[in-house]
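Trainee: So that we are looking at the same thing, I have put the structure below in structure tokens.
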Amino acid sequence: MPRALWNGSLSFGLVNVPVQLASAARDLDLHIRQLHKKDGAPIEQHRYCSQDDSEVDWAEIGHGYDLGDDKQVVLSDEELASVQPEKTRTIDVEAFVDLEDVDPIYIDHPWFLVPAGDSQGTRRAYRLLVEVMESTERAALGRFVMRTKEYLVLVRPRDGLLSLTTLLFHDEVRPTDEIAPGGRKPAKEKIEQAGAVIESLAVDWDPERYTDCYRERLMRVIDQKKKGKRVKAPAEPKEPKPAPDLMAALEATLERMGSGDGKGDGRRRRSRPRAKASS
Amino acid sequence: MPRSIWNGTISFGLAHVPIKLYSATESKTVSFHEVHMSDGARIEHRRICSKEGKEVPYKEVVKGFEVSEDEYVVLEKDEVKVAAGARGKVIELEDFVPEDQIDAVFFDKTYYVGCRDDGEAYRVFREALKQAKRVGIGRFTFHDREYLAAVRPLDGVLALHTMRFHDEVVDAGELDVSIPRKGPSKQEAKMAEQLVDSLHSRFDPKKYKDTYREAVLDLIDRKAKGKKIERVEPEPLEETSDLLDALQASLKGRS
């Protein structure tokens with residue numbers, strides 16, 4: 001069980017369930033560190049006071065807010081924690097919504113909510129919440145505060161547990177009205193031809209089809225370097241120019257792909273959108 | 001017009017769509033800087049050599065990877081670039097998957113995609129994608145880092161989401177949580193469903209405001225006026241002892 005990042009309770013009507021938060025994503029990045037060229041020793045970040053030039057301990061650091069005109073307000077951890085403390089302890093369910101109404105643009109980070117403590121009562125209430133959201137196919141919408149930030153959260157069942165997704169607030173999503181949407185409405189045949197290309201590349205979503213090539217390549221470079229070899233970067237490829245005749249490009253794509261069964265390697269299956277995702 | 005952060009091309013088959021990327025999200029959290037409490041001076045982060053204990057100027061910094069404890073391999077700038085791959089400025093969409101099959105746990109960051117020319121190919125692609133109810137999956141290189149990306153129609157334009165790889169997603173089974181084998185009683189399940197129904201509403205993101213953010217600004221204001229800030233501990237919530245009672249009382253409270 002990974003370290004819990006938040007402890008509190010999930011409250012639904014008058015039902016309170018003590019829960020803990022655990023991340024549902026793990027960091028598999030290969031972390032590149034800063035080293036001192038001269039002696040190869042790792043570099044550490046230390047905090048110094050810009051005025052007295054001395055190193056400052058964590059406990060002596062406050063939160064400064066600029067008011068302009070060289071004026072600032074400084075808050076201690078304690079003072080900052082005085083803001084809406086109940087929200088730092090409780091996820092209050094405000095509504096139940098349909099999952100498909102929540103656009104992925106609002107998604108911030110995935111977590112699991114797991115029951116805290118050993119009480120059987122907690123675990124029974126937890127299981128009831130999982131089951132009722134499974135049977136009604138709805139997700140709970142609530143809010144809470146973690147590390148001095150408020151999040152709108154979506155709680156839903158995932159493989160027998162409750163998952164929690166932190167969401168962005170509406171004003172944290174930028175409007176689309178200044179993004180160039182393209183030219184006039186295109187001719188029907190062009191859309192159909194592009195649709196045929198999309199269909200010929202259609203598969204079911206299978207996350208295991210995709211591995212992190214970046215991580216693999218970086219590991220190879222590190223291995224080579226370990227053996228004392230120098231690795232050279234390839235020249236950046238030229239960016240393809242859009243075809244002057246889009247229709248011809250789409251037709252040529254379809255021709256190259258044959259009758260729509262892909263590149264003939266047998267891995268591509270045609271798939272149809274499903275009415276509901278299974279998880 | 002917002003500033004674009006990346007210019008490139010989305011390719012599917014032999015068709016190429018010239019595009020620009022824009023940030024789609026921005027944090028509105030009240031931001032603070034670190035201050036030394038005793039004199040109110042700003043805190044600086046300094047690079048200190050762990051061996052010498054002395055500050056290191058930026059030009060003496062190299063990048064390295066720890067291959068075993070305390071053993072580092074130094075990587076030159078162009079060597080890190082090798083890992084970025086040879087895709088350059090092209091996002092080649094290899095697969096098109098039904099949009100309702102992707103679980104929310106895979107989505108990471110979102111960008112908007114705008115067109116970079118007369119927009120014919122962009123518009124054709126967007127319309128076709130929308131009609132197919134599919135999302136294009138491909139790879140995207142940004143700041144010498146390769147990402148898995150999903151491209152989908154959104155609000156009259158296109159959105160690009162960077163995606164988590166399957167091994168970066170934690171499965172429920174890995175958490176080792178014991179859930180009682182016996183499920184809730186019929187009555188408990190029924191009442192819980194009634195409660196869910198009574199709280200059902202359509203998700204409207206505009207309805208929810210970050211009130212905490214306003215409360216922090218209010219706190220800053222009070223502190224600036226020299227008011228004393230006190231922390232009031234909230235009463236801890238009691239764990240529900242009788243589930244059925246609590247459900248009944250909740251339903252009563254709503255009718």
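Chain labels run A, B, ... following the order of the structure tokens; each chain numbers its residues from 1, and ligands are numbered from 1 in the order shown.
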Among region 2-251 of chain B, which ones does DSSP place in alpha helix (DSSP H), written as a ChimeraX atom specification?

Mentor: /B:77-84,120-132,186-198,211-224,243-251

Trainee: Excluding same-chain residues fewer than 2 positions from Ala194 (chain A), what lies within 7 Å of it counting only C-alpha atoms, as a list in words?

Mentor: Lys190, Ile191, Glu192, Ala196, Val197, Ile198 and Leu250 of chain A; Val124, Phe125 and Ala128 of chain B

Trainee: Could you work out how far CA of Ile102 (chain B) lies from CA of Ala86 (chain B), giving the answer in Å with one decimal?

Mentor: 27.3 Å

Trainee: Could you give me, as number ranges by chain, the residues within 9 Å of Tyr214 (chain A), counting only C-alpha atoms and dropping anything in the same chain fewer than 5 positions from it?

Mentor: A: 219; B: 83-85, 145-147

Trainee: Per residue of region 117-229 of chain A within 10 Å of region 69-93 of chain A, what are the shortest atom pair and its distance in Å to one decimal, counting only C-alpha atoms, with rows by chain and residue number, as JSON lines?

Mentor:
```
{"residue": "A:Ala139", "atom": "CA", "partner": "A:Val93", "partner_atom": "CA", "distance": 9.9}
{"residue": "A:Ala140", "atom": "CA", "partner": "A:Val93", "partner_atom": "CA", "distance": 6.1}
{"residue": "A:Leu141", "atom": "CA", "partner": "A:Val93", "partner_atom": "CA", "distance": 5.6}
{"residue": "A:Gly142", "atom": "CA", "partner": "A:Val93", "partner_atom": "CA", "distance": 4.3}
{"residue": "A:Arg143", "atom": "CA", "partner": "A:Ile91", "partner_atom": "CA", "distance": 5.6}
{"residue": "A:Phe144", "atom": "CA", "partner": "A:Lys87", "partner_atom": "CA", "distance": 5.0}
{"residue": "A:Val145", "atom": "CA", "partner": "A:Thr88", "partner_atom": "CA", "distance": 4.6}
{"residue": "A:Met146", "atom": "CA", "partner": "A:Thr88", "partner_atom": "CA", "distance": 6.1}
{"residue": "A:Arg147", "atom": "CA", "partner": "A:Thr88", "partner_atom": "CA", "distance": 8.5}
{"residue": "A:Thr148", "atom": "CA", "partner": "A:Ala81", "partner_atom": "CA", "distance": 7.6}
{"residue": "A:Lys149", "atom": "CA", "partner": "A:Thr88", "partner_atom": "CA", "distance": 9.3}
{"residue": "A:Glu150", "atom": "CA", "partner": "A:Lys87", "partner_atom": "CA", "distance": 8.2}
{"residue": "A:Tyr151", "atom": "CA", "partner": "A:Ile91", "partner_atom": "CA", "distance": 9.9}
{"residue": "A:Leu152", "atom": "CA", "partner": "A:Ile91", "partner_atom": "CA", "distance": 9.5}
{"residue": "A:Val153", "atom": "CA", "partner": "A:Ile91", "partner_atom": "CA", "distance": 8.4}
{"residue": "A:Leu154", "atom": "CA", "partner": "A:Val93", "partner_atom": "CA", "distance": 9.2}
{"residue": "A:Val155", "atom": "CA", "partner": "A:Val93", "partner_atom": "CA", "distance": 8.8}
```

Trainee: Give me, as a compact mmCIF listing (two decimals) with N, CA and C atoms, in the first residue's frame, all polymer residues having an atom no more than 9 Å from Asp167 (chain B), counting only C-alpha atoms and skipping those fewer than 5 positions away in the same chain.

Mentor:
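Output file around.txt follows:
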```
# COMPACT_ATOMS: atom_id res chain seq x y z
N ALA A 25 -1.69 6.79 -10.14
CA ALA A 25 -0.70 6.87 -11.22
C ALA A 25 0.67 6.79 -10.58
N ARG A 26 1.56 6.06 -11.22
CA ARG A 26 2.92 6.01 -10.66
C ARG A 26 3.88 6.67 -11.64
N LEU A 28 7.05 6.65 -13.57
CA LEU A 28 8.08 5.72 -14.04
C LEU A 28 9.17 6.45 -14.83
N PRO A 207 -4.74 -0.12 -23.95
CA PRO A 207 -3.59 0.67 -23.49
C PRO A 207 -2.27 -0.10 -23.60
N GLU A 208 -2.33 -1.44 -23.59
CA GLU A 208 -1.08 -2.19 -23.63
C GLU A 208 -0.41 -2.20 -25.01
N THR A 211 3.79 1.39 -25.57
CA THR A 211 4.80 1.43 -24.51
C THR A 211 5.54 2.76 -24.60
```

Trainee: For the strand (DSSP E or B) assignment from backbone DSSP, which residues of region 39-255 of chain B qualify? Please present them as a PyMOL selection string.

Mentor: chain B and resi 42-49+55+61-68+71-75+90-98+107-115+134-142+145-154+157-163+169+200

Trainee: Could you please take those selected residues and save C-alpha atoms as a compact mmCIF listing (two decimals), in the first residue's frame?

Mentor:
```txt
# COMPACT_ATOMS: atom_id res chain seq x y z
CA ARG B 42 12.71 36.29 -0.13
CA ILE B 43 14.09 32.77 -0.10
CA GLU B 44 16.50 31.83 -2.89
CA HIS B 45 17.12 28.31 -4.08
CA ARG B 46 20.83 27.70 -4.56
CA ARG B 47 22.62 24.82 -6.24
CA ILE B 48 24.99 23.26 -3.74
CA CYS B 49 27.54 20.56 -4.59
CA GLU B 55 27.40 26.86 -4.47
CA VAL B 61 26.23 21.81 -14.05
CA VAL B 62 25.89 18.66 -16.16
CA LYS B 63 23.06 16.17 -16.39
CA GLY B 64 23.41 12.65 -15.11
CA PHE B 65 21.55 9.48 -14.34
CA GLU B 66 22.11 7.31 -11.27
CA VAL B 67 22.86 3.79 -12.57
CA SER B 68 23.61 2.31 -9.15
CA GLU B 71 27.32 5.97 -9.48
CA TYR B 72 26.25 8.44 -12.16
CA VAL B 73 26.50 8.41 -15.93
CA VAL B 74 26.87 11.90 -17.40
CA LEU B 75 24.59 12.68 -20.33
CA VAL B 90 4.90 15.34 -36.62
CA ILE B 91 2.11 13.73 -34.64
CA GLU B 92 1.32 10.61 -36.63
CA LEU B 93 -2.03 9.17 -35.63
CA GLU B 94 -1.60 5.40 -35.82
CA ASP B 95 -4.93 4.26 -34.39
CA PHE B 96 -8.46 5.54 -34.07
CA VAL B 97 -10.33 4.25 -31.03
CA PRO B 98 -13.94 4.72 -29.83
CA PHE B 107 -5.85 11.40 -19.43
CA ASP B 108 -3.06 13.71 -18.33
CA LYS B 109 -2.73 17.28 -19.70
CA THR B 110 -4.90 18.98 -22.33
CA TYR B 111 -3.96 21.34 -25.16
CA TYR B 112 -6.08 22.98 -27.83
CA VAL B 113 -5.23 22.39 -31.48
CA GLY B 114 -5.76 25.26 -33.93
CA CYS B 115 -5.16 25.31 -37.67
CA ARG B 134 -13.38 8.25 -32.52
CA VAL B 135 -10.18 9.60 -31.00
CA GLY B 136 -6.85 9.52 -32.86
CA ILE B 137 -3.93 8.01 -30.94
CA GLY B 138 -0.35 8.93 -31.77
CA ARG B 139 2.94 10.17 -30.38
CA PHE B 140 3.89 13.74 -29.74
CA THR B 141 7.35 15.16 -29.00
CA PHE B 142 7.45 18.28 -26.85
CA ARG B 145 10.16 14.36 -24.43
CA GLU B 146 7.88 11.95 -26.24
CA TYR B 147 4.28 11.55 -25.11
CA LEU B 148 1.38 9.33 -26.04
CA ALA B 149 -1.37 11.63 -27.25
CA ALA B 150 -5.07 11.47 -28.03
CA VAL B 151 -6.64 13.93 -30.49
CA ARG B 152 -10.39 14.50 -30.36
CA PRO B 153 -13.00 17.04 -31.45
CA LEU B 154 -14.01 19.46 -28.72
CA VAL B 157 -11.97 22.76 -32.47
CA LEU B 158 -9.63 19.85 -31.67
CA ALA B 159 -8.10 18.97 -28.31
CA LEU B 160 -4.91 17.01 -27.69
CA HIS B 161 -4.55 15.11 -24.43
CA THR B 162 -1.23 13.67 -23.31
CA MET B 163 -1.91 10.16 -22.02
CA VAL B 169 -1.68 3.40 -14.05
CA HIS B 200 -28.85 13.47 -9.15
```

Trainee: Considering only C-alpha atoms, return as a PyMOL selection string whatever protein or nucleic-acid residues lie within 8 Å of region 98-113 of chain A, sequence-local ones (same chain, fewer than 3 positions apart) excluded.

Mentor: (chain A and resi 19-25+137-139+161-170+173) or (chain B and resi 104-105+107-110+172+202-203)

Trainee: Which residues are close to Lys185 (chain A), i.e. within 9 Å by only C-alpha atoms, leaving aside same-chain residues fewer than 5 positions away? Reply as a PyMOL selection string.

Mentor: chain B and resi 120+123-124+127

Trainee: So, counting only C-alpha atoms, which residue among A:Trp6, A:Phe12, A:Trp58, A:Tyr48 is closest to chain B?

Mentor: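 Of A:Trp6, A:Phe12, A:Trp58, A:Tyr48, the one nearest chain B is A:Tyr48, counting only C-alpha atoms.
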
Trainee: Quick one: pull the distance between CA of His16 (chain B) and CA of Pro242 (chain A), Å, one decimal.

Mentor: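 CA of His16 (chain B) sits 4.9 Å away from CA of Pro242 (chain A).
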
Trainee: With only C-alpha atoms as the basis for distance, which of A:Arg158, A:Lys188, A:Arg220, A:His63 is at the shortest distance from Val216 (chain B)?

Mentor: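 Among the listed residues, the smallest separation from Val216 (chain B) belongs to A:His63.
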